[in-house]
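Text of entry26.cif (mmCIF, C-alpha atoms) as supplied:
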data_model
#
loop_
_atom_site.label_atom_id
_atom_site.label_comp_id
_atom_site.auth_asym_id
_atom_site.auth_seq_id
_atom_site.Cartn_x
_atom_site.Cartn_y
_atom_site.Cartn_z
CA MET A 1 119.27 100.34 124.74
CA GLU A 2 118.40 97.08 123.00
CA LYS A 3 116.04 98.96 120.68
CA LEU A 4 118.68 101.54 119.84
CA ALA A 5 121.15 98.81 118.98
CA ALA A 6 118.52 97.14 116.78
CA ILE A 7 117.93 100.38 114.87
CA GLY A 8 121.65 100.83 114.43
CA ARG A 9 122.01 97.27 113.19
CA LEU A 10 119.16 97.81 110.72
CA GLY A 11 120.81 100.95 109.39
CA LEU A 12 124.14 99.19 109.04
CA ASP A 13 122.41 96.29 107.28
CA ILE A 14 120.85 98.67 104.78
CA PHE A 15 124.18 100.38 104.09
CA ALA A 16 125.96 97.03 103.79
CA SER A 17 123.30 95.82 101.36
CA LEU A 18 123.64 98.97 99.26
CA GLY A 19 127.40 98.56 99.24
CA ARG A 20 127.15 94.89 98.25
CA SER A 21 124.75 95.76 95.42
CA GLY A 22 127.16 98.41 94.12
CA ARG A 23 130.10 96.01 94.22
CA PHE A 24 127.90 93.38 92.60
CA LEU A 25 126.98 95.78 89.78
CA ALA A 26 130.62 96.68 89.23
CA GLY A 27 131.46 92.97 89.08
CA VAL A 28 128.72 92.29 86.54
CA LEU A 29 129.45 95.24 84.27
CA GLY A 30 133.21 95.10 84.69
CA GLY A 31 133.74 91.58 83.44
CA VAL A 32 133.31 91.61 79.68
CA SER A 33 133.22 88.15 78.22
CA LYS A 34 133.87 87.12 74.63
CA PRO A 35 131.00 88.08 72.29
CA SER A 36 130.81 84.54 70.92
CA VAL A 37 130.02 83.24 74.41
CA ALA A 38 127.95 86.15 75.70
CA PHE A 39 125.74 86.71 72.67
CA PRO A 40 123.76 83.42 72.70
CA LEU A 41 123.22 83.79 76.46
CA LEU A 42 121.94 87.34 76.01
CA LEU A 43 119.69 86.21 73.18
CA LYS A 44 118.09 83.53 75.32
CA GLN A 45 117.40 86.03 78.10
CA LEU A 46 116.04 88.62 75.67
CA TYR A 47 113.60 85.98 74.51
CA SER A 48 112.39 84.96 77.96
CA ILE A 49 112.41 88.50 79.44
CA GLY A 50 111.44 90.63 76.46
CA VAL A 51 109.53 88.63 73.88
CA LEU A 52 107.46 86.72 76.40
CA SER A 53 106.50 89.99 78.14
CA LEU A 54 105.10 91.41 74.91
CA ALA A 55 101.65 89.88 75.42
CA ILE A 56 100.96 91.54 78.78
CA ILE A 57 102.45 94.84 77.53
CA VAL A 58 100.31 94.92 74.39
CA VAL A 59 97.08 94.01 76.21
CA SER A 60 97.61 96.52 79.03
CA GLY A 61 98.68 99.21 76.59
CA LEU A 62 95.57 98.69 74.53
CA PHE A 63 93.25 98.93 77.51
CA ILE A 64 95.02 101.92 79.05
CA GLY A 65 94.82 103.74 75.73
CA MET A 66 91.14 102.94 75.40
CA VAL A 67 90.41 104.13 78.94
CA LEU A 68 92.34 107.36 78.28
CA GLY A 69 90.26 107.84 75.15
CA LEU A 70 86.98 107.36 76.99
CA GLN A 71 87.90 109.50 80.00
CA GLY A 72 89.44 112.23 77.88
CA TYR A 73 86.41 112.37 75.62
CA THR A 74 84.02 112.68 78.57
CA ILE A 75 85.95 115.56 80.10
CA LEU A 76 86.96 117.37 76.90
CA SER A 77 83.54 117.21 75.26
CA ASP A 78 82.21 119.39 78.11
CA TYR A 79 84.37 122.16 76.67
CA GLY A 80 83.68 121.27 73.08
CA SER A 81 87.33 120.50 72.49
CA GLU A 82 87.24 116.74 72.07
CA ALA A 83 89.66 117.10 69.15
CA ALA A 84 92.38 117.66 71.76
CA ILE A 85 91.95 114.03 72.80
CA GLY A 86 94.80 113.01 70.49
CA GLN A 87 97.38 115.21 72.15
CA MET A 88 96.12 114.27 75.62
CA ILE A 89 96.48 110.54 74.95
CA ALA A 90 99.84 110.88 73.22
CA LEU A 91 101.42 113.13 75.85
CA THR A 92 100.14 111.03 78.77
CA LEU A 93 101.41 107.81 77.23
CA VAL A 94 104.72 109.00 75.83
CA ARG A 95 105.75 111.04 78.84
CA GLU A 96 104.44 109.09 81.80
CA LEU A 97 102.28 106.01 81.47
CA GLY A 98 104.35 104.25 78.82
CA PRO A 99 107.65 104.12 80.74
CA VAL A 100 106.13 103.82 84.23
CA VAL A 101 103.45 101.18 83.65
CA THR A 102 105.83 99.16 81.47
CA ALA A 103 108.43 99.17 84.22
CA LEU A 104 105.86 98.16 86.86
CA LEU A 105 104.54 95.33 84.69
CA PHE A 106 108.11 94.31 83.87
CA ALA A 107 108.98 94.13 87.56
CA GLY A 108 105.95 91.93 88.21
CA ARG A 109 106.23 89.74 85.13
CA ALA A 110 109.98 89.36 84.55
CA GLY A 111 111.74 90.81 87.60
CA SER A 112 110.12 88.41 90.05
CA ALA A 113 110.93 85.47 87.75
CA LEU A 114 114.58 86.57 87.52
CA THR A 115 114.87 86.79 91.30
CA ALA A 116 113.26 83.41 91.86
CA GLU A 117 115.42 81.75 89.21
CA ILE A 118 118.71 83.14 90.49
CA GLY A 119 117.64 82.57 94.10
CA LEU A 120 116.92 78.91 93.41
CA MET A 121 120.26 78.59 91.61
CA LYS A 122 121.94 79.94 94.72
CA THR A 123 119.91 77.74 97.08
CA THR A 124 120.69 74.57 95.14
CA GLU A 125 124.35 75.67 95.07
CA GLN A 126 124.52 75.84 91.28
CA LEU A 127 126.25 79.20 91.52
CA SER A 128 128.96 77.94 93.88
CA SER A 129 129.53 74.82 91.78
CA MET A 130 130.00 77.10 88.75
CA GLU A 131 132.65 78.94 90.72
CA MET A 132 134.29 75.61 91.58
CA MET A 133 134.46 74.83 87.85
CA GLY A 134 136.16 78.15 87.24
CA VAL A 135 133.13 79.78 85.60
CA ASP A 136 132.28 83.23 86.91
CA PRO A 137 128.54 83.16 87.71
CA LEU A 138 128.40 86.94 87.55
CA ARG A 139 129.37 86.80 83.89
CA ARG A 140 127.67 83.56 82.95
CA VAL A 141 124.34 83.95 84.77
CA ILE A 142 123.84 87.49 86.00
CA ALA A 143 125.26 89.71 83.25
CA PRO A 144 123.09 88.38 80.39
CA ARG A 145 119.95 88.84 82.51
CA LEU A 146 120.87 92.38 83.54
CA TRP A 147 121.67 93.44 79.97
CA ALA A 148 118.56 91.74 78.61
CA GLY A 149 116.34 93.70 81.02
CA PHE A 150 118.21 96.89 80.18
CA ILE A 151 117.59 96.40 76.44
CA ALA A 152 114.07 94.99 76.67
CA VAL A 153 112.34 97.64 78.80
CA PRO A 154 112.78 100.61 76.41
CA ILE A 155 111.51 98.47 73.51
CA LEU A 156 108.54 97.31 75.55
CA ALA A 157 107.78 100.89 76.62
CA ALA A 158 107.81 102.12 73.01
CA VAL A 159 105.50 99.27 71.98
CA PHE A 160 103.24 100.09 74.93
CA SER A 161 102.93 103.75 73.89
CA VAL A 162 102.22 102.90 70.27
CA VAL A 163 99.57 100.32 71.13
CA GLY A 164 98.04 102.71 73.67
CA ILE A 165 97.79 105.51 71.11
CA TRP A 166 96.21 103.08 68.67
CA GLY A 167 93.71 102.01 71.36
CA GLY A 168 92.88 105.64 72.10
CA MET A 169 92.35 106.26 68.40
CA LEU A 170 90.08 103.22 68.24
CA VAL A 171 87.83 104.64 70.96
CA GLY A 172 88.08 108.31 70.08
CA VAL A 173 87.96 108.20 66.29
CA GLU A 174 86.20 104.95 65.44
CA TRP A 175 83.59 104.79 68.21
CA LEU A 176 83.06 108.35 69.47
CA GLY A 177 83.50 110.09 66.13
CA VAL A 178 86.34 112.55 66.74
CA PHE A 179 87.60 113.78 63.34
CA GLU A 180 90.69 111.74 62.48
CA GLY A 181 92.59 114.62 60.88
CA SER A 182 92.38 116.80 63.97
CA PHE A 183 93.19 113.80 66.19
CA TRP A 184 96.57 113.33 64.48
CA GLY A 185 97.09 117.02 63.68
CA ASN A 186 96.70 118.18 67.28
CA MET A 187 98.93 115.34 68.40
CA GLN A 188 101.68 116.21 65.95
CA SER A 189 101.62 119.90 66.72
CA SER A 190 101.94 119.40 70.48
CA VAL A 191 104.22 116.37 70.83
CA SER A 192 107.86 117.24 70.32
CA PHE A 193 110.27 114.46 69.39
CA THR A 194 113.20 115.62 71.48
CA LYS A 195 111.28 116.91 74.48
CA ASP A 196 108.59 114.25 74.81
CA VAL A 197 109.49 111.10 72.93
CA LEU A 198 113.23 111.05 73.69
CA ASN A 199 112.69 111.96 77.34
CA GLY A 200 110.23 109.07 77.58
CA VAL A 201 112.85 106.74 76.10
CA ILE A 202 115.45 108.01 78.59
CA LYS A 203 113.00 107.34 81.41
CA SER A 204 112.38 103.79 80.27
CA VAL A 205 116.12 103.14 79.90
CA VAL A 206 116.65 104.24 83.51
CA PHE A 207 113.70 102.19 84.75
CA GLY A 208 114.83 99.11 82.83
CA PHE A 209 118.28 99.36 84.35
CA VAL A 210 117.01 99.86 87.91
CA CYS A 211 114.38 97.11 87.71
CA SER A 212 116.73 94.47 86.38
CA TRP A 213 119.49 95.50 88.76
CA ILE A 214 117.16 95.10 91.74
CA ALA A 215 115.84 91.78 90.43
CA VAL A 216 119.20 90.10 89.82
CA TYR A 217 120.73 91.52 93.00
CA GLN A 218 117.87 90.32 95.19
CA GLY A 219 118.18 86.85 93.68
CA TYR A 220 121.94 86.77 94.08
CA ASP A 221 121.82 88.10 97.64
CA CYS A 222 118.87 86.06 98.95
CA VAL A 223 118.99 83.85 102.04
CA PRO A 224 119.41 80.36 100.54
CA THR A 225 116.20 78.83 101.85
CA SER A 226 112.72 78.57 100.37
CA ALA A 227 111.52 81.33 102.70
CA GLY A 228 114.51 83.43 101.61
CA ILE A 229 113.58 83.06 97.94
CA SER A 230 109.99 84.07 98.59
CA SER A 231 110.96 87.14 100.59
CA ALA A 232 113.54 88.10 97.93
CA THR A 233 110.87 87.86 95.23
CA THR A 234 108.53 90.06 97.26
CA LYS A 235 111.33 92.54 97.84
CA THR A 236 112.06 92.69 94.12
CA VAL A 237 108.52 93.71 93.24
CA VAL A 238 108.17 96.16 96.15
CA TYR A 239 111.57 97.83 95.71
CA SER A 240 111.27 98.00 91.94
CA SER A 241 107.85 99.64 92.12
CA LEU A 242 108.98 102.15 94.72
CA ALA A 243 112.19 102.91 92.83
CA VAL A 244 110.32 103.39 89.55
CA LEU A 245 107.72 105.73 91.03
CA GLY A 246 110.29 107.71 93.03
CA LEU A 247 112.70 108.01 90.12
CA ASP A 248 109.82 109.00 87.87
CA PHE A 249 109.16 112.02 90.05
CA VAL A 250 112.82 113.01 90.04
CA LEU A 251 113.20 112.52 86.28
CA THR A 252 109.97 114.39 85.53
CA ALA A 253 111.10 117.30 87.70
CA VAL A 254 114.44 117.41 85.86
CA MET A 255 113.01 116.97 82.36
CA PHE A 256 109.76 118.92 82.39
CA GLY A 257 110.10 121.22 85.40
CA ASP A 258 110.89 124.87 84.73
CA PHE A 259 113.87 125.40 86.93
CA MET B 1 113.84 75.83 71.42
CA ALA B 2 116.34 75.81 68.60
CA GLN B 3 118.95 78.54 68.71
CA ARG B 4 117.99 79.69 65.22
CA THR B 5 114.32 80.22 66.08
CA THR B 6 115.23 82.21 69.19
CA GLU B 7 117.49 84.42 67.13
CA VAL B 8 114.76 85.14 64.61
CA ILE B 9 112.14 85.90 67.27
CA VAL B 10 114.45 88.19 69.24
CA GLY B 11 115.36 89.92 65.98
CA LEU B 12 111.69 90.52 65.28
CA PHE B 13 111.29 91.86 68.84
CA MET B 14 114.10 94.37 68.31
CA LEU B 15 112.58 95.32 64.97
CA ALA B 16 109.21 95.92 66.68
CA GLY B 17 110.97 98.28 69.09
CA ILE B 18 112.60 100.23 66.27
CA ALA B 19 109.31 100.38 64.39
CA ALA B 20 107.57 101.68 67.53
CA ILE B 21 110.16 104.46 67.97
CA MET B 22 109.84 105.35 64.28
CA PHE B 23 106.07 105.51 64.64
CA LEU B 24 106.38 107.78 67.69
CA ALA B 25 108.80 110.01 65.79
CA LEU B 26 106.98 110.29 62.47
CA GLN B 27 103.30 109.85 63.21
CA VAL B 28 102.95 111.06 66.81
CA SER B 29 105.45 113.90 67.03
CA GLY B 30 105.24 114.80 63.33
CA LEU B 31 109.00 114.85 62.89
CA THR B 32 109.65 115.21 59.18
CA PRO B 33 112.99 113.98 57.87
CA LYS B 34 113.32 116.80 55.34
CA ALA B 35 115.65 119.69 56.14
CA PRO B 36 114.02 122.92 57.37
CA GLU B 37 113.14 125.28 54.55
CA SER B 38 115.46 128.24 54.10
CA SER B 39 113.93 131.45 55.40
CA TYR B 40 114.43 135.19 55.62
CA THR B 41 113.98 137.51 58.58
CA LEU B 42 111.33 140.13 59.22
CA TYR B 43 110.76 142.28 62.29
CA ALA B 44 107.58 143.49 63.94
CA ASN B 45 107.15 145.82 66.92
CA PHE B 46 104.16 145.31 69.19
CA ASN B 47 102.91 147.37 72.12
CA ASP B 48 101.86 144.13 73.81
CA ALA B 49 103.18 140.74 72.74
CA GLY B 50 100.68 139.01 75.03
CA GLY B 51 101.21 135.27 75.26
CA LEU B 52 103.29 135.00 72.12
CA THR B 53 106.17 132.54 72.44
CA PRO B 54 109.20 131.64 70.31
CA ARG B 55 108.45 128.86 67.79
CA ALA B 56 104.83 130.00 67.56
CA LYS B 57 103.53 129.92 64.01
CA VAL B 58 103.21 132.80 61.57
CA SER B 59 100.42 132.42 59.06
CA MET B 60 98.87 134.10 56.04
CA ALA B 61 95.27 133.32 55.14
CA GLY B 62 95.43 130.46 57.64
CA VAL B 63 98.46 128.83 56.02
CA THR B 64 101.62 128.58 58.09
CA VAL B 65 104.41 130.48 56.33
CA GLY B 66 106.99 130.79 59.08
CA GLU B 67 107.70 130.85 62.78
CA ILE B 68 108.80 133.25 65.50
CA ARG B 69 112.50 133.10 66.32
CA GLU B 70 112.70 135.35 69.35
CA ILE B 71 110.92 138.10 71.27
CA THR B 72 112.91 140.86 72.96
CA LEU B 73 112.16 144.19 74.58
CA ASP B 74 113.22 147.29 72.63
CA ARG B 75 114.99 149.38 75.27
CA GLU B 76 114.20 152.71 73.59
CA THR B 77 110.55 152.40 72.66
CA PHE B 78 109.61 149.85 75.31
CA GLN B 79 107.91 147.77 72.68
CA ALA B 80 108.16 144.05 72.11
CA ARG B 81 110.40 143.34 69.13
CA VAL B 82 109.50 140.06 67.47
CA VAL B 83 111.92 138.39 65.05
CA ILE B 84 110.07 136.32 62.46
CA ASP B 85 111.49 133.69 60.11
CA VAL B 86 109.42 133.56 56.92
CA ASN B 87 109.84 130.74 54.41
CA GLN B 88 111.86 131.71 51.35
CA SER B 89 109.07 130.51 49.07
CA VAL B 90 106.83 133.35 50.31
CA ASP B 91 108.98 136.30 49.16
CA ASN B 92 106.24 138.58 47.86
CA ILE B 93 104.52 139.89 51.01
CA PRO B 94 103.31 143.42 50.13
CA ALA B 95 105.23 146.12 52.01
CA ASP B 96 102.12 147.62 53.62
CA SER B 97 100.95 144.31 55.12
CA SER B 98 100.35 144.32 58.85
CA ALA B 99 101.18 141.78 61.54
CA VAL B 100 98.32 140.91 63.87
CA ILE B 101 98.53 138.76 67.00
CA ARG B 102 95.60 136.36 67.06
CA THR B 103 94.47 133.51 69.26
CA SER B 104 93.54 130.15 67.78
CA GLY B 105 90.18 129.28 69.28
CA LEU B 106 88.98 131.00 72.42
CA LEU B 107 91.72 129.73 74.73
CA GLY B 108 94.26 128.39 72.25
CA GLU B 109 97.82 129.48 71.66
CA GLN B 110 98.65 132.84 70.11
CA TYR B 111 100.18 133.28 66.68
CA ILE B 112 100.93 136.06 64.22
CA ASP B 113 98.62 136.50 61.27
CA ILE B 114 99.88 138.61 58.38
CA SER B 115 96.99 140.53 56.86
CA VAL B 116 97.92 141.25 53.29
CA GLY B 117 98.18 144.81 51.98
CA GLY B 118 98.04 146.08 48.41
CA ASP B 119 101.47 147.60 47.83
CA MET B 120 103.41 146.68 44.69
CA GLU B 121 106.68 146.62 46.68
CA SER B 122 107.31 143.57 48.84
CA LEU B 123 109.07 143.09 52.18
CA GLY B 124 112.66 141.88 51.96
CA ASP B 125 115.13 140.35 54.38
CA GLY B 126 115.56 142.51 57.51
CA ASP B 127 112.50 144.74 56.90
CA THR B 128 110.09 145.74 59.65
CA PHE B 129 106.32 145.60 59.45
CA TYR B 130 104.89 149.10 59.08
CA SER B 131 101.72 148.47 61.04
CA THR B 132 101.00 145.96 63.76
CA GLN B 133 98.09 145.10 65.99
CA SER B 134 98.81 143.88 69.50
CA ALA B 135 97.37 140.92 71.33
CA MET B 136 93.74 141.12 72.29
CA ASN B 137 93.63 141.28 76.05
CA LEU B 138 90.31 139.92 77.25
CA GLU B 139 90.72 141.31 80.75
CA ARG B 140 91.50 144.81 79.49
CA MET B 141 88.59 144.70 77.08
CA ILE B 142 86.20 143.77 79.86
CA SER B 143 87.49 146.50 82.16
CA ASN B 144 87.26 149.07 79.34
CA PHE B 145 83.71 147.97 78.66
CA ALA B 146 82.79 148.07 82.35
CA SER B 147 84.16 151.61 82.79
CA GLY B 148 82.31 152.74 79.68
CA GLN B 149 85.27 153.82 77.52
#
Re-express the file's structure as structure tokens.
Amino acid sequence: MEKLAAIGRLGLDIFASLGRSGRFLAGVLGGVSKPSVAFPLLLKQLYSIGVLSLAIIVVSGLFIGMVLGLQGYTILSDYGSEAAIGQMIALTLVRELGPVVTALLFAGRAGSALTAEIGLMKTTEQLSSMEMMGVDPLRRVIAPRLWAGFIAVPILAAVFSVVGIWGGMLVGVEWLGVFEGSFWGNMQSSVSFTKDVLNGVIKSVVFGFVCSWIAVYQGYDCVPTSAGISSATTKTVVYSSLAVLGLDFVLTAVMFGDF
Amino acid sequence: MAQRTTEVIVGLFMLAGIAAIMFLALQVSGLTPKAPESSYTLYANFNDAGGLTPRAKVSMAGVTVGEIREITLDRETFQARVVIDVNQSVDNIPADSSAVIRTSGLLGEQYIDISVGGDMESLGDGDTFYSTQSAMNLERMISNFASGQ
């Protein structure tokens, strides 16, 4: 009986948490502040979330592209069709790896930092003192961070894909001697702008939104102790990764599945 | 950090994103900003359209001159009726040319190759190819060969 009650309580907790996060999101998106106030705040967050994440995105993109080039060449040269390496690299990056790996890296690099920052603000009662002063913390603290993540992830994903394709070209064309004309030609004939590139952008927009939502909510909702902050940070990374991979399957099935 | 510097750096970051999307559009997916060339319509009837798909290319002497708009079944002859858009600039295809379905490479995609005839008349909008050659079916060829036909 005790166990049954515990399971029930767990389920109710999960539903309550989902409900709180929905109300939280509505509160953040609903309150529109004056552009003159909101814009500098957003800019600062875009810098710390987006610009500072560029380094890890560029380096990982480069290496992933180079690995794709090497692996693709090894497999495709068995069939004498190593010229198809260009389309393989481009499709893999633009459709899947670009949005997904960017979102995972973003959750680890920026999402965890967001959660820890907001969690510490809550623990040291900065958020409640803001409320006392008549400043809405949802608008002042949370909204700029959410929007910054939402804007930054698609940009980072596009940069990731471009750098990855360049890395693949470096390995395939410069080192392994695939003819450059057929590398780009095959790529251009098989990658469609609306079906592949735009769908990849849509994916990264969704992932950016989900990742930053989870990050700011976990920070805002954490238990205000040091252990609470650490568990909220862990939750951010775990939930974001699971949400990204799960949503990726759903989005891929909707976008590229034939039904 | 000074507000001004942050603004400039974030602006550059946004610009990098736009540049990346432009690169993906122009260089990777080969999207050309120019409007599609005006074209005229030709028809071809095949006994077997094989793996031909809409938007597949139509070429002459290896140069792409158009694309396939749609493939339907002719209810009376039970043939595949292929609607082809040919670029307006190629308006002098001889009337006795034939449309042949070919495969690029051994396992590549299928396309229509127009083998040029010698007629003085040329095909106009809405004309049908007089002679066609259907897709080569590897399986059928092997079974014909095995049964000695």
Tell me the residues of chain A close to chain B, meaning within 10 Å using all atoms listed in the file, as a compact mmCIF listing (two decimals) with C-alpha atoms, keeping the file's coordinate frame.
# COMPACT_ATOMS: atom_id res chain seq x y z
CA PRO A 40 123.76 83.42 72.70
CA LEU A 43 119.69 86.21 73.18
CA LYS A 44 118.09 83.53 75.32
CA GLN A 45 117.40 86.03 78.10
CA LEU A 46 116.04 88.62 75.67
CA TYR A 47 113.60 85.98 74.51
CA SER A 48 112.39 84.96 77.96
CA GLY A 50 111.44 90.63 76.46
CA VAL A 51 109.53 88.63 73.88
CA LEU A 52 107.46 86.72 76.40
CA LEU A 54 105.10 91.41 74.91
CA SER A 81 87.33 120.50 72.49
CA GLY A 86 94.80 113.01 70.49
CA GLN A 87 97.38 115.21 72.15
CA ALA A 90 99.84 110.88 73.22
CA LEU A 91 101.42 113.13 75.85
CA VAL A 94 104.72 109.00 75.83
CA ILE A 151 117.59 96.40 76.44
CA ALA A 152 114.07 94.99 76.67
CA VAL A 153 112.34 97.64 78.80
CA PRO A 154 112.78 100.61 76.41
CA ILE A 155 111.51 98.47 73.51
CA LEU A 156 108.54 97.31 75.55
CA ALA A 157 107.78 100.89 76.62
CA ALA A 158 107.81 102.12 73.01
CA VAL A 159 105.50 99.27 71.98
CA PHE A 160 103.24 100.09 74.93
CA SER A 161 102.93 103.75 73.89
CA VAL A 162 102.22 102.90 70.27
CA VAL A 163 99.57 100.32 71.13
CA ILE A 165 97.79 105.51 71.11
CA TRP A 184 96.57 113.33 64.48
CA GLY A 185 97.09 117.02 63.68
CA ASN A 186 96.70 118.18 67.28
CA MET A 187 98.93 115.34 68.40
CA GLN A 188 101.68 116.21 65.95
CA SER A 189 101.62 119.90 66.72
CA SER A 190 101.94 119.40 70.48
CA VAL A 191 104.22 116.37 70.83
CA SER A 192 107.86 117.24 70.32
CA PHE A 193 110.27 114.46 69.39
CA THR A 194 113.20 115.62 71.48
CA LYS A 195 111.28 116.91 74.48
CA ASP A 196 108.59 114.25 74.81
CA VAL A 197 109.49 111.10 72.93
CA LEU A 198 113.23 111.05 73.69
CA VAL A 201 112.85 106.74 76.10
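The interatomic distance for the pair atom CA of Gly62 of chain B and atom CA of Gly126 of chain B works out to 23.5 Å.
Take atom CA of Leu68 of chain A and atom CA of Leu97 of chain A: the distance between them is 10.5 Å.
Taking all atoms listed in the file, the non-local environment of Ala83 of chain A within 9 Å (same-chain residues fewer than 3 positions away omitted) comprises A:Tyr73, A:Leu76, A:Ser77, A:Gly80, A:Gly86, A:Gln87, A:Gly172, A:Val178, A:Phe179, A:Glu180, A:Ser182, A:Phe183, A:Asn186.
Between atom CA of Leu176 of chain A and atom CA of Leu93 of chain A the interatomic distance comes to 19.9 Å.
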Interface rows for segment 88-199 of chain A against segment 230-251 of chain A: nearest pair, Å to one decimal, 10 Å, only C-alpha atoms, as a tab-separated table:
residue	atom	partner	partner_atom	distance
A:Glu96	CA	A:Asp248	CA	8.1
A:Pro99	CA	A:Asp248	CA	8.9
A:Val100	CA	A:Val244	CA	6.8
A:Val101	CA	A:Val244	CA	9.3
A:Ala103	CA	A:Val244	CA	7.1
A:Leu104	CA	A:Ser241	CA	5.8
A:Leu105	CA	A:Ser241	CA	9.2
A:Phe106	CA	A:Val237	CA	9.4
A:Ala107	CA	A:Val237	CA	5.7
A:Gly108	CA	A:Val237	CA	5.9
A:Arg109	CA	A:Val237	CA	9.3
A:Ala110	CA	A:Val237	CA	9.8
A:Gly111	CA	A:Thr236	CA	6.8
A:Ser112	CA	A:Thr233	CA	5.3
A:Ala113	CA	A:Thr233	CA	7.9
A:Leu114	CA	A:Thr233	CA	8.7
A:Thr115	CA	A:Thr233	CA	5.7
A:Ala116	CA	A:Thr233	CA	6.1
A:Glu117	CA	A:Thr233	CA	9.7
A:Gly119	CA	A:Ala232	CA	7.9
A:Asn199	CA	A:Leu251	CA	9.0
- Long-range neighbours of Glu67 of chain B as a PyMOL selection string, 7 Å cut-off, all atoms listed in the file, 4 positions minimum in chain: chain B and resi 55-58+84-86
- Task: To verify the selection step, state as JSON, numbers by chain which residues the PyMOL selection byres ((chain B and resi 128-139) around 12) yields on this input.
- Result: {"B": [41, 42, 43, 44, 45, 46, 47, 48, 49, 50, 51, 52, 79, 80, 81, 82, 83, 84, 93, 94, 95, 96, 97, 98, 99, 100, 101, 102, 103, 104, 106, 107, 109, 110, 111, 112, 113, 114, 115, 116, 117, 119, 122, 123, 124, 125, 126, 127, 140, 141, 142, 143, 144, 145, 146]}
Convert the current residue selection to file output with C-alpha atoms, as a JSON list (two decimals), in the coordinates of the input.
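Saved file result.json follows:
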[["chain", "number", "residue", "atom", "x", "y", "z"],
["B", 41, "THR", "CA", 113.98, 137.51, 58.58],
["B", 42, "LEU", "CA", 111.33, 140.13, 59.22],
["B", 43, "TYR", "CA", 110.76, 142.28, 62.29],
["B", 44, "ALA", "CA", 107.58, 143.49, 63.94],
["B", 45, "ASN", "CA", 107.15, 145.82, 66.92],
["B", 46, "PHE", "CA", 104.16, 145.31, 69.19],
["B", 47, "ASN", "CA", 102.91, 147.37, 72.12],
["B", 48, "ASP", "CA", 101.86, 144.13, 73.81],
["B", 49, "ALA", "CA", 103.18, 140.74, 72.74],
["B", 50, "GLY", "CA", 100.68, 139.01, 75.03],
["B", 51, "GLY", "CA", 101.21, 135.27, 75.26],
["B", 52, "LEU", "CA", 103.29, 135.00, 72.12],
["B", 79, "GLN", "CA", 107.91, 147.77, 72.68],
["B", 80, "ALA", "CA", 108.16, 144.05, 72.11],
["B", 81, "ARG", "CA", 110.40, 143.34, 69.13],
["B", 82, "VAL", "CA", 109.50, 140.06, 67.47],
["B", 83, "VAL", "CA", 111.92, 138.39, 65.05],
["B", 84, "ILE", "CA", 110.07, 136.32, 62.46],
["B", 93, "ILE", "CA", 104.52, 139.89, 51.01],
["B", 94, "PRO", "CA", 103.31, 143.42, 50.13],
["B", 95, "ALA", "CA", 105.23, 146.12, 52.01],
["B", 96, "ASP", "CA", 102.12, 147.62, 53.62],
["B", 97, "SER", "CA", 100.95, 144.31, 55.12],
["B", 98, "SER", "CA", 100.35, 144.32, 58.85],
["B", 99, "ALA", "CA", 101.18, 141.78, 61.54],
["B", 100, "VAL", "CA", 98.32, 140.91, 63.87],
["B", 101, "ILE", "CA", 98.53, 138.76, 67.00],
["B", 102, "ARG", "CA", 95.60, 136.36, 67.06],
["B", 103, "THR", "CA", 94.47, 133.51, 69.26],
["B", 104, "SER", "CA", 93.54, 130.15, 67.78],
["B", 106, "LEU", "CA", 88.98, 131.00, 72.42],
["B", 107, "LEU", "CA", 91.72, 129.73, 74.73],
["B", 109, "GLU", "CA", 97.82, 129.48, 71.66],
["B", 110, "GLN", "CA", 98.65, 132.84, 70.11],
["B", 111, "TYR", "CA", 100.18, 133.28, 66.68],
["B", 112, "ILE", "CA", 100.93, 136.06, 64.22],
["B", 113, "ASP", "CA", 98.62, 136.50, 61.27],
["B", 114, "ILE", "CA", 99.88, 138.61, 58.38],
["B", 115, "SER", "CA", 96.99, 140.53, 56.86],
["B", 116, "VAL", "CA", 97.92, 141.25, 53.29],
["B", 117, "GLY", "CA", 98.18, 144.81, 51.98],
["B", 119, "ASP", "CA", 101.47, 147.60, 47.83],
["B", 122, "SER", "CA", 107.31, 143.57, 48.84],
["B", 123, "LEU", "CA", 109.07, 143.09, 52.18],
["B", 124, "GLY", "CA", 112.66, 141.88, 51.96],
["B", 125, "ASP", "CA", 115.13, 140.35, 54.38],
["B", 126, "GLY", "CA", 115.56, 142.51, 57.51],
["B", 127, "ASP", "CA", 112.50, 144.74, 56.90],
["B", 140, "ARG", "CA", 91.50, 144.81, 79.49],
["B", 141, "MET", "CA", 88.59, 144.70, 77.08],
["B", 142, "ILE", "CA", 86.20, 143.77, 79.86],
["B", 143, "SER", "CA", 87.49, 146.50, 82.16],
["B", 144, "ASN", "CA", 87.26, 149.07, 79.34],
["B", 145, "PHE", "CA", 83.71, 147.97, 78.66],
["B", 146, "ALA", "CA", 82.79, 148.07, 82.35]]
